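> I'm passing along upload_19.txt; it holds compact mmCIF, C-alpha atoms.
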# COMPACT_ATOMS: atom_id res chain seq x y z
CA GLU A 1 0.00 0.00 0.00
CA ALA A 2 1.32 3.41 -1.01
CA GLN A 3 2.09 5.29 2.13
CA VAL A 4 3.72 8.34 3.64
CA THR A 5 4.40 8.02 7.35
CA GLN A 6 5.29 10.76 9.79
CA ASN A 7 6.48 10.58 13.36
CA PRO A 8 5.61 11.73 15.86
CA ARG A 9 1.97 12.55 15.22
CA TYR A 10 1.80 14.88 18.20
CA LEU A 11 4.58 16.71 19.99
CA ILE A 12 4.68 19.31 22.73
CA THR A 13 8.09 20.79 23.36
CA VAL A 14 9.77 23.88 24.78
CA THR A 15 11.53 26.75 23.09
CA GLY A 16 15.06 25.93 22.00
CA LYS A 17 14.94 22.16 22.34
CA LYS A 18 16.02 20.61 19.05
CA LEU A 19 13.57 18.22 17.45
CA THR A 20 13.22 16.11 14.33
CA VAL A 21 10.03 15.04 12.59
CA THR A 22 10.59 12.01 10.42
CA CYS A 23 8.94 11.33 7.08
CA SER A 24 9.17 8.15 5.07
CA GLN A 25 7.58 7.01 1.80
CA ASN A 26 7.44 3.58 0.20
CA MET A 27 6.73 4.59 -3.40
CA ASN A 28 10.30 5.26 -4.56
CA HIS A 29 9.32 8.85 -5.32
CA GLU A 30 12.04 11.33 -6.10
CA TYR A 31 10.18 14.46 -5.00
CA MET A 32 9.32 15.05 -1.36
CA SER A 33 8.29 18.16 0.49
CA TRP A 34 7.25 19.62 3.83
CA TYR A 35 4.33 21.94 4.47
CA ARG A 36 3.00 23.74 7.47
CA GLN A 37 -0.68 24.51 7.90
CA ASP A 38 -1.86 27.55 9.80
CA PRO A 39 -5.42 28.89 10.10
CA GLY A 40 -6.41 31.05 7.14
CA LEU A 41 -3.09 30.51 5.38
CA GLY A 42 -3.65 27.07 3.92
CA LEU A 43 -0.59 24.92 3.49
CA ARG A 44 2.72 26.62 2.83
CA GLN A 45 5.76 24.82 1.57
CA ILE A 46 8.78 24.81 3.87
CA TYR A 47 11.36 22.80 1.92
CA TYR A 48 11.35 20.36 -0.93
CA SER A 49 13.71 17.79 -2.35
CA MET A 50 13.94 16.76 -5.98
CA ASN A 51 16.14 13.76 -5.23
CA VAL A 52 18.76 12.39 -2.86
CA GLU A 53 21.10 15.15 -1.66
CA VAL A 54 19.06 17.76 -3.56
CA THR A 55 17.03 20.09 -1.37
CA ASP A 56 15.72 23.61 -1.79
CA LYS A 57 13.78 26.24 0.11
CA GLY A 58 10.06 26.64 -0.26
CA ASP A 59 8.01 29.66 0.78
CA VAL A 60 8.69 29.59 4.52
CA PRO A 61 12.08 27.92 5.21
CA GLU A 62 13.27 30.10 8.12
CA GLY A 63 13.94 28.13 11.26
CA TYR A 64 13.90 24.74 9.54
CA LYS A 65 16.43 22.35 8.08
CA VAL A 66 15.99 19.19 6.05
CA SER A 67 18.16 16.40 4.76
CA ARG A 68 17.74 13.79 2.06
CA LYS A 69 20.39 11.14 2.52
CA GLU A 70 18.24 8.39 1.09
CA LYS A 71 15.28 8.40 -1.24
CA ARG A 72 12.64 7.19 1.16
CA ASN A 73 13.34 9.55 4.07
CA PHE A 74 13.04 13.31 4.36
CA PRO A 75 13.28 14.47 7.99
CA LEU A 76 12.37 17.99 9.08
CA ILE A 77 14.69 19.46 11.70
CA LEU A 78 13.98 22.35 14.03
CA GLU A 79 17.32 23.25 15.59
CA SER A 80 15.88 25.79 18.02
CA PRO A 81 12.09 25.73 17.93
CA SER A 82 10.14 28.85 18.78
CA PRO A 83 6.44 29.35 19.59
CA ASN A 84 5.73 30.70 16.09
CA GLN A 85 6.57 27.25 14.77
CA THR A 86 3.55 25.81 16.53
CA SER A 87 1.63 24.39 13.61
CA LEU A 88 0.35 21.31 11.82
CA TYR A 89 3.04 19.84 9.58
CA PHE A 90 2.52 17.63 6.54
CA CYS A 91 5.07 15.67 4.60
CA ALA A 92 4.25 14.93 0.96
CA SER A 93 5.65 12.57 -1.62
CA THR A 94 5.14 13.27 -5.30
CA GLY A 95 5.45 10.94 -8.23
CA GLY A 96 3.73 9.72 -11.33
CA GLU A 97 4.64 10.33 -14.92
CA LEU A 98 4.19 14.08 -14.71
CA TYR A 99 4.65 14.53 -10.97
CA ASN A 100 0.92 14.84 -10.57
CA GLU A 101 0.37 12.22 -7.89
CA GLN A 102 0.51 13.70 -4.44
CA PHE A 103 0.54 11.62 -1.31
CA PHE A 104 0.39 13.30 2.07
CA GLY A 105 1.39 11.97 5.43
CA PRO A 106 -1.12 12.03 8.30
CA GLY A 107 0.27 15.24 9.78
CA THR A 108 2.28 16.15 12.88
CA ARG A 109 0.77 18.58 15.32
CA LEU A 110 3.60 20.49 17.00
CA THR A 111 3.23 22.81 19.97
CA VAL A 112 6.22 24.87 21.08
CA LEU A 113 5.80 26.41 24.53
CA ALA B 1 4.25 34.08 -6.14
CA GLN B 2 1.44 32.54 -8.13
CA LYS B 3 -1.47 32.53 -5.75
CA VAL B 4 -4.48 30.32 -5.25
CA THR B 5 -7.42 32.18 -3.75
CA GLN B 6 -10.37 30.71 -1.95
CA ALA B 7 -12.39 33.80 -1.15
CA GLN B 8 -14.90 32.00 1.06
CA THR B 9 -13.26 31.33 4.41
CA GLU B 10 -16.37 29.78 5.91
CA ILE B 11 -19.69 28.55 4.53
CA SER B 12 -22.63 27.25 6.51
CA VAL B 13 -25.50 25.37 4.87
CA VAL B 14 -28.34 23.16 5.93
CA GLU B 15 -28.29 19.52 4.97
CA LYS B 16 -29.53 18.78 1.44
CA GLU B 17 -28.63 22.23 0.16
CA ASP B 18 -26.24 22.50 -2.77
CA VAL B 19 -23.05 24.43 -2.11
CA THR B 20 -20.28 25.71 -4.37
CA LEU B 21 -16.74 26.36 -3.18
CA ASP B 22 -14.85 28.87 -5.27
CA CYS B 23 -11.22 28.65 -6.32
CA VAL B 24 -9.31 31.14 -8.46
CA TYR B 25 -5.67 30.66 -9.33
CA GLU B 26 -2.82 32.58 -10.89
CA THR B 27 -0.39 30.86 -13.19
CA ARG B 28 2.31 31.62 -15.72
CA ASP B 29 2.73 27.95 -16.55
CA THR B 30 1.28 26.52 -19.74
CA THR B 31 1.02 23.11 -18.15
CA TYR B 32 -0.28 22.78 -14.65
CA TYR B 33 -2.50 20.65 -12.46
CA LEU B 34 -5.36 21.61 -10.20
CA PHE B 35 -6.41 19.71 -7.10
CA TRP B 36 -9.06 19.68 -4.45
CA TYR B 37 -8.44 18.17 -1.02
CA LYS B 38 -10.77 17.60 1.89
CA GLN B 39 -9.55 17.91 5.46
CA PRO B 40 -12.07 16.42 7.90
CA PRO B 41 -11.90 17.20 11.63
CA SER B 42 -9.49 14.28 12.09
CA GLY B 43 -6.87 16.36 10.23
CA GLU B 44 -5.68 14.20 7.37
CA LEU B 45 -5.74 15.46 3.80
CA VAL B 46 -8.04 13.47 1.55
CA PHE B 47 -7.45 13.75 -2.19
CA LEU B 48 -10.64 14.49 -4.15
CA ILE B 49 -9.69 15.35 -7.70
CA ARG B 50 -6.84 16.26 -10.04
CA ARG B 51 -7.29 18.05 -13.40
CA ASN B 52 -4.64 19.02 -15.88
CA SER B 53 -4.67 22.33 -17.70
CA PHE B 54 -5.40 20.74 -21.06
CA ASP B 55 -8.61 19.12 -19.97
CA GLU B 56 -11.42 21.59 -19.38
CA GLN B 57 -14.14 19.00 -19.34
CA ASN B 58 -16.19 19.28 -16.19
CA GLU B 59 -16.31 16.25 -13.98
CA ILE B 60 -18.98 14.68 -11.83
CA SER B 61 -18.40 12.06 -9.18
CA GLY B 62 -21.51 11.20 -7.24
CA ARG B 63 -22.60 14.31 -5.39
CA TYR B 64 -19.39 16.12 -6.27
CA SER B 65 -18.81 18.11 -9.43
CA TRP B 66 -16.05 20.39 -10.61
CA ASN B 67 -16.21 23.28 -13.05
CA PHE B 68 -12.87 24.18 -14.63
CA GLN B 69 -12.89 27.48 -16.55
CA LYS B 70 -9.48 28.27 -17.95
CA SER B 71 -10.65 31.63 -19.30
CA THR B 72 -11.38 32.85 -15.78
CA SER B 73 -8.68 30.76 -14.04
CA SER B 74 -11.27 29.14 -11.83
CA PHE B 75 -11.78 25.60 -10.61
CA ASN B 76 -14.97 25.56 -8.55
CA PHE B 77 -16.28 22.62 -6.57
CA THR B 78 -19.97 21.90 -6.04
CA ILE B 79 -21.47 19.49 -3.55
CA THR B 80 -25.05 18.57 -4.38
CA ALA B 81 -27.47 17.64 -1.61
CA SER B 82 -24.90 18.27 1.11
CA GLN B 83 -24.65 15.99 4.12
CA VAL B 84 -23.34 16.50 7.62
CA VAL B 85 -20.35 14.27 6.78
CA ASP B 86 -19.32 16.83 4.17
CA SER B 87 -18.38 19.21 6.99
CA ALA B 88 -14.67 19.80 6.60
CA VAL B 89 -12.09 22.26 5.38
CA TYR B 90 -11.61 22.08 1.63
CA PHE B 91 -8.40 23.15 -0.09
CA CYS B 92 -7.84 23.99 -3.70
CA ALA B 93 -4.27 23.69 -4.99
CA ARG B 94 -2.35 24.31 -8.19
CA ARG B 95 0.78 22.55 -9.26
CA GLY B 96 3.20 24.00 -11.77
CA ASN B 97 6.74 23.72 -10.44
CA MET B 98 5.44 23.77 -6.89
CA LEU B 99 2.20 22.80 -5.24
CA THR B 100 0.50 25.97 -4.00
CA PHE B 101 -2.56 25.82 -1.78
CA GLY B 102 -5.40 28.21 -1.25
CA GLY B 103 -6.26 29.28 2.27
CA GLY B 104 -9.07 26.77 2.54
CA THR B 105 -12.84 27.01 2.96
CA ARG B 106 -14.46 25.65 6.08
CA LEU B 107 -17.79 24.08 5.20
CA MET B 108 -20.30 23.44 7.96
CA VAL B 109 -23.33 21.38 7.07
CA LYS B 110 -26.03 21.54 9.72
CA PRO B 111 -28.68 18.86 10.12
As structure tokens, how would this structure be written, given the file I've shared?

Amino acid sequence: EAQVTQNPRYLITVTGKKLTVTCSQNMNHEYMSWYRQDPGLGLRQIYYSMNVEVTDKGDVPEGYKVSRKEKRNFPLILESPSPNQTSLYFCASTGGELYNEQFFGPGTRLTVL
Amino acid sequence: AQKVTQAQTEISVVEKEDVTLDCVYETRDTTYYLFWYKQPPSGELVFLIRRNSFDEQNEISGRYSWNFQKSTSSFNFTITASQVVDSAVYFCARRGNMLTFGGGTRLMVKP
């Protein structure tokens, strides 16, 4: 079954404590991305990766890092989280002949106190 | 940035009413894809439909229908005979080089 998994699903943390949200896909897709969802703003892209070792900034990259050491995994790293990073985060994997198949993970709800 | 606009932030209807969710997009791409997603209260994103820019034929799937008008850059979504289970946030999105989402429309269907 085609799947994108994210962990953890829920996380409450404190300002400045480094955290990583993992994302994994089983479809051998080259393109993966991270979004954050905030009320009234829809989903905004944080970072994306076209392939292994190829990453680039999306619309709202400040305060985030990513890595793509292997095709299936695309972790999102918050080196020093701040309260304005409290949000709902989605990982997505994109494939298909014309990159028109989008698969989203179940979401990670992050609260930074 | 090429925006996707969902002007209706919140819509409230009574069950069995028809409701249309508007979506207007900007694009400089000649080839692009349009999507609608549903986000129920549980939070996951549920894929509803994908259309490519070359196919302006309207589509119907059960109670759902989509009206793609390239001339007005709109991709509206109609739910016929709405049900309480249709209550959710609905997102329109456009994909050229990147997937860009609208701000979402919260639909509340009351019994």
> If the cut-off is 12 Å, can you tell me the residues of chain A near chain B, counting only C-alpha atoms? I'd like them as a PyMOL selection string.
chain A and resi 4-6+9-10+31-50+56-59+88-94+98-109
> Counting only C-alpha atoms, figure out which residue out of B:Glu10, B:Lys38, B:Ile49, B:Thr80 gets nearest to B:Tyr64.
B:Thr80
> Just to confirm, what's the straight-line distance from atom CA of A:His29 to atom CA of A:Phe74 in Å (one decimal)?
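Computing the Euclidean distance for atom CA of A:His29 and atom CA of A:Phe74 yields 11.3 Å.
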> Return the single residue from A:Val112, A:Val21, A:Thr13, A:Gln3 that is closest to A:Leu76, with distances computed using all atoms listed in the file.
A:Val21
> Please compute the atom CA of A:Glu53-atom CA of A:Arg68 distance, one decimal, in Å.
5.2 Å
> Once 6 Å is added on each side, what are the centre and the three edge lengths, in Å to one decimal, of the axis-aligned box enclosing the listed atoms of stretch 101-106 of chain A? Present them as AutoDock Vina command-line options.

--center_x 0.1 --center_y 12.7 --center_z 0.2 --size_x 14.5 --size_y 14.1 --size_z 28.2
> Report the distance between atom CA of B:Trp36 and atom CA of B:Lys16 in Å, rounded to one decimal place.
21.3 Å
> Check the smallest atom-to-atom distance from each of A:Ser67, A:Asn73, A:Gln85, A:Asn51 to A:Gln25 using all atoms listed in the file, then report the winner.
A:Asn73
> Please determine, counting all atoms listed in the file, which residue among A:Thr20, A:Thr15, A:Thr86, A:Asn26 has the shortest atom-to-atom distance to A:Lys65.
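When distances to A:Lys65 are compared using all atoms listed in the file, the smallest one comes from A:Thr20.
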> Would you please work out which residue, of A:Lys17, A:Leu11, A:Glu1, A:Ser24, is nearest to A:Arg72 when using all atoms listed in the file?
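The shortest atom-to-atom distance to A:Arg72 comes from A:Ser24.
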> Smallest atom-to-atom distance to B:Val109: which of B:Thr30, B:Gln83, B:Asn76, B:Gln8, using only C-alpha atoms?
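Ranked by minimum distance to B:Val109, first place goes to B:Gln83.
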